[in-house]
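Novice: Mind looking over this structure? Questions follow.
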Amino acid sequence: PYRAWFLVFDDRQAIGSVYLQDDNSIGMNLADQSLPIVDVCLRFVLDNFQPMQGKLSRVRKDFHINVSNENNELKSILSELGLVPLQVTYVIQGLKG
């Protein structure tokens with residue numbers, strides 16, 4: 001179901017994967033979430049792919065990354081790289097009141 005999917009290696013050791021989906025989202029699953037590794041992964045995507053054409057309310061016109069709210073390390077790295085938060089997603093499991 002992916003537009004592209006890559007294993008990420010540090011030397012000869014696999015440390016995770018990066019994938020692109022048809023909605024222009026980029027997924028990263030990395031054992032080593034350091035700034036240099038994240039930077040290289042994002043630059044690889046940007047150097048080798050163009051975002052799919054945007055479709056109102058369906059496909060954002062540029063690449064974006066969904067990050068778990070609990071993944072403060074990756075959020076901090078992305079901020080250091082100059083990325084700007086776009087939205088916050090909430091899970092609905094019931095409402096108070």
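By order in the structure tokens, chains are A, B, ...; within a chain, residues start at 1; ligands start at 1, following the order shown.
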Using DSSP on the backbone coordinates, identify all residues within chain A classified as helix (DSSP H, G or I); present the result as a list in words.
Specialist: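 Taking chain A and keeping helix (DSSP H, G or I) only, one gets Leu35, Pro36, Ile37, Val38, Asp39, Val40, Cys41, Leu42, Arg43, Phe44, Val45, Leu46, Asp47, Asn48, Asn72, Glu73, Leu74, Lys75, Ser76, Ile77, Leu78, Ser79 and Glu80 of chain A.
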Novice: Could you write out the selected residues, including N, CA and C atoms, as a PDB file, in the first residue's frame?
Specialist:
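What follows is the written file selection.pdb:
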```
ATOM      1  N   LEU A  35      19.305  13.412  15.069  1.00  0.00           N
ATOM      2  CA  LEU A  35      19.137  14.451  14.064  1.00  0.00           C
ATOM      3  C   LEU A  35      19.830  14.087  12.748  1.00  0.00           C
ATOM      4  N   PRO A  36      21.072  13.589  12.766  1.00  0.00           N
ATOM      5  CA  PRO A  36      21.713  13.264  11.481  1.00  0.00           C
ATOM      6  C   PRO A  36      20.976  12.175  10.694  1.00  0.00           C
ATOM      7  N   ILE A  37      20.469  11.166  11.369  1.00  0.00           N
ATOM      8  CA  ILE A  37      19.768  10.078  10.672  1.00  0.00           C
ATOM      9  C   ILE A  37      18.451  10.582  10.089  1.00  0.00           C
ATOM     10  N   VAL A  38      17.671  11.312  10.882  1.00  0.00           N
ATOM     11  CA  VAL A  38      16.390  11.845  10.402  1.00  0.00           C
ATOM     12  C   VAL A  38      16.630  12.808   9.240  1.00  0.00           C
ATOM     13  N   ASP A  39      17.633  13.647   9.359  1.00  0.00           N
ATOM     14  CA  ASP A  39      17.973  14.607   8.308  1.00  0.00           C
ATOM     15  C   ASP A  39      18.311  13.887   7.002  1.00  0.00           C
ATOM     16  N   VAL A  40      19.159  12.871   7.063  1.00  0.00           N
ATOM     17  CA  VAL A  40      19.533  12.122   5.859  1.00  0.00           C
ATOM     18  C   VAL A  40      18.302  11.463   5.238  1.00  0.00           C
ATOM     19  N   CYS A  41      17.432  10.890   6.052  1.00  0.00           N
ATOM     20  CA  CYS A  41      16.223  10.236   5.525  1.00  0.00           C
ATOM     21  C   CYS A  41      15.318  11.234   4.811  1.00  0.00           C
ATOM     22  N   LEU A  42      15.089  12.386   5.434  1.00  0.00           N
ATOM     23  CA  LEU A  42      14.217  13.390   4.816  1.00  0.00           C
ATOM     24  C   LEU A  42      14.838  13.957   3.535  1.00  0.00           C
ATOM     25  N   ARG A  43      16.126  14.208   3.558  1.00  0.00           N
ATOM     26  CA  ARG A  43      16.785  14.723   2.354  1.00  0.00           C
ATOM     27  C   ARG A  43      16.748  13.696   1.217  1.00  0.00           C
ATOM     28  N   PHE A  44      16.871  12.422   1.557  1.00  0.00           N
ATOM     29  CA  PHE A  44      16.770  11.377   0.540  1.00  0.00           C
ATOM     30  C   PHE A  44      15.401  11.436  -0.140  1.00  0.00           C
ATOM     31  N   VAL A  45      14.351  11.536   0.658  1.00  0.00           N
ATOM     32  CA  VAL A  45      12.994  11.609   0.095  1.00  0.00           C
ATOM     33  C   VAL A  45      12.855  12.853  -0.778  1.00  0.00           C
ATOM     34  N   LEU A  46      13.250  14.000  -0.258  1.00  0.00           N
ATOM     35  CA  LEU A  46      13.085  15.251  -1.000  1.00  0.00           C
ATOM     36  C   LEU A  46      13.935  15.305  -2.266  1.00  0.00           C
ATOM     37  N   ASP A  47      15.096  14.651  -2.246  1.00  0.00           N
ATOM     38  CA  ASP A  47      15.968  14.634  -3.424  1.00  0.00           C
ATOM     39  C   ASP A  47      15.508  13.652  -4.496  1.00  0.00           C
ATOM     40  N   ASN A  48      14.710  12.666  -4.111  1.00  0.00           N
ATOM     41  CA  ASN A  48      14.370  11.594  -5.049  1.00  0.00           C
ATOM     42  C   ASN A  48      12.890  11.497  -5.420  1.00  0.00           C
ATOM     43  N   ASN A  72       8.489  12.697  21.796  1.00  0.00           N
ATOM     44  CA  ASN A  72       9.064  14.030  21.972  1.00  0.00           C
ATOM     45  C   ASN A  72      10.429  14.167  21.313  1.00  0.00           C
ATOM     46  N   GLU A  73      11.182  13.073  21.266  1.00  0.00           N
ATOM     47  CA  GLU A  73      12.507  13.111  20.642  1.00  0.00           C
ATOM     48  C   GLU A  73      12.398  13.458  19.160  1.00  0.00           C
ATOM     49  N   LEU A  74      11.521  12.772  18.436  1.00  0.00           N
ATOM     50  CA  LEU A  74      11.369  13.043  17.004  1.00  0.00           C
ATOM     51  C   LEU A  74      10.753  14.426  16.771  1.00  0.00           C
ATOM     52  N   LYS A  75       9.781  14.810  17.597  1.00  0.00           N
ATOM     53  CA  LYS A  75       9.200  16.145  17.458  1.00  0.00           C
ATOM     54  C   LYS A  75      10.265  17.225  17.620  1.00  0.00           C
ATOM     55  N   SER A  76      11.162  17.045  18.564  1.00  0.00           N
ATOM     56  CA  SER A  76      12.236  18.011  18.791  1.00  0.00           C
ATOM     57  C   SER A  76      13.189  18.059  17.594  1.00  0.00           C
ATOM     58  N   ILE A  77      13.545  16.895  17.057  1.00  0.00           N
ATOM     59  CA  ILE A  77      14.441  16.840  15.900  1.00  0.00           C
ATOM     60  C   ILE A  77      13.813  17.533  14.702  1.00  0.00           C
ATOM     61  N   LEU A  78      12.538  17.264  14.439  1.00  0.00           N
ATOM     62  CA  LEU A  78      11.862  17.877  13.303  1.00  0.00           C
ATOM     63  C   LEU A  78      11.796  19.388  13.459  1.00  0.00           C
ATOM     64  N   SER A  79      11.581  19.866  14.682  1.00  0.00           N
ATOM     65  CA  SER A  79      11.595  21.313  14.933  1.00  0.00           C
ATOM     66  C   SER A  79      12.979  21.897  14.673  1.00  0.00           C
ATOM     67  N   GLU A  80      14.043  21.189  15.106  1.00  0.00           N
ATOM     68  CA  GLU A  80      15.409  21.651  14.851  1.00  0.00           C
ATOM     69  C   GLU A  80      15.698  21.734  13.356  1.00  0.00           C
TER      70      GLU A  80
END
```
Novice: Please provide as a list in words all residues within 7 Å of Asn24 of chain A, with the sequence filter that same-chain residues fewer than 4 positions apart are discarded (counting only C-alpha atoms).
Specialist: Leu20, Pro51, Met52, Val59, Arg60, Asp62, Phe63 and His64 of chain A
Novice: To one decimal in Å, tell me the separation between atom CA of Leu30 of chain A and atom CA of Val8 of chain A.
Specialist: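 Going from atom CA of Leu30 of chain A over to atom CA of Val8 of chain A, I get 7.9 Å.
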Novice: Restricting the calculation to only C-alpha atoms, which member of A:Val67, A:Ala31, A:Ala4, A:Ala14 is positioned closest to Phe49 of chain A?
Specialist: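 Looking at the shortest contact to Phe49 of chain A, the residue is A:Ala4.
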Novice: Neighbouring residues of Val88 of chain A were defined as those with any atom within 12 Å, considering only C-alpha atoms; residues of the same chain fewer than 6 positions away were excluded. Please report them as a VMD selection string.
Specialist: chain A and resid 65 to 69
Novice: One number please: atom CA of Leu7 of chain A to atom CA of Asp23 of chain A, in Å, one decimal.
Specialist: 20.3 Å
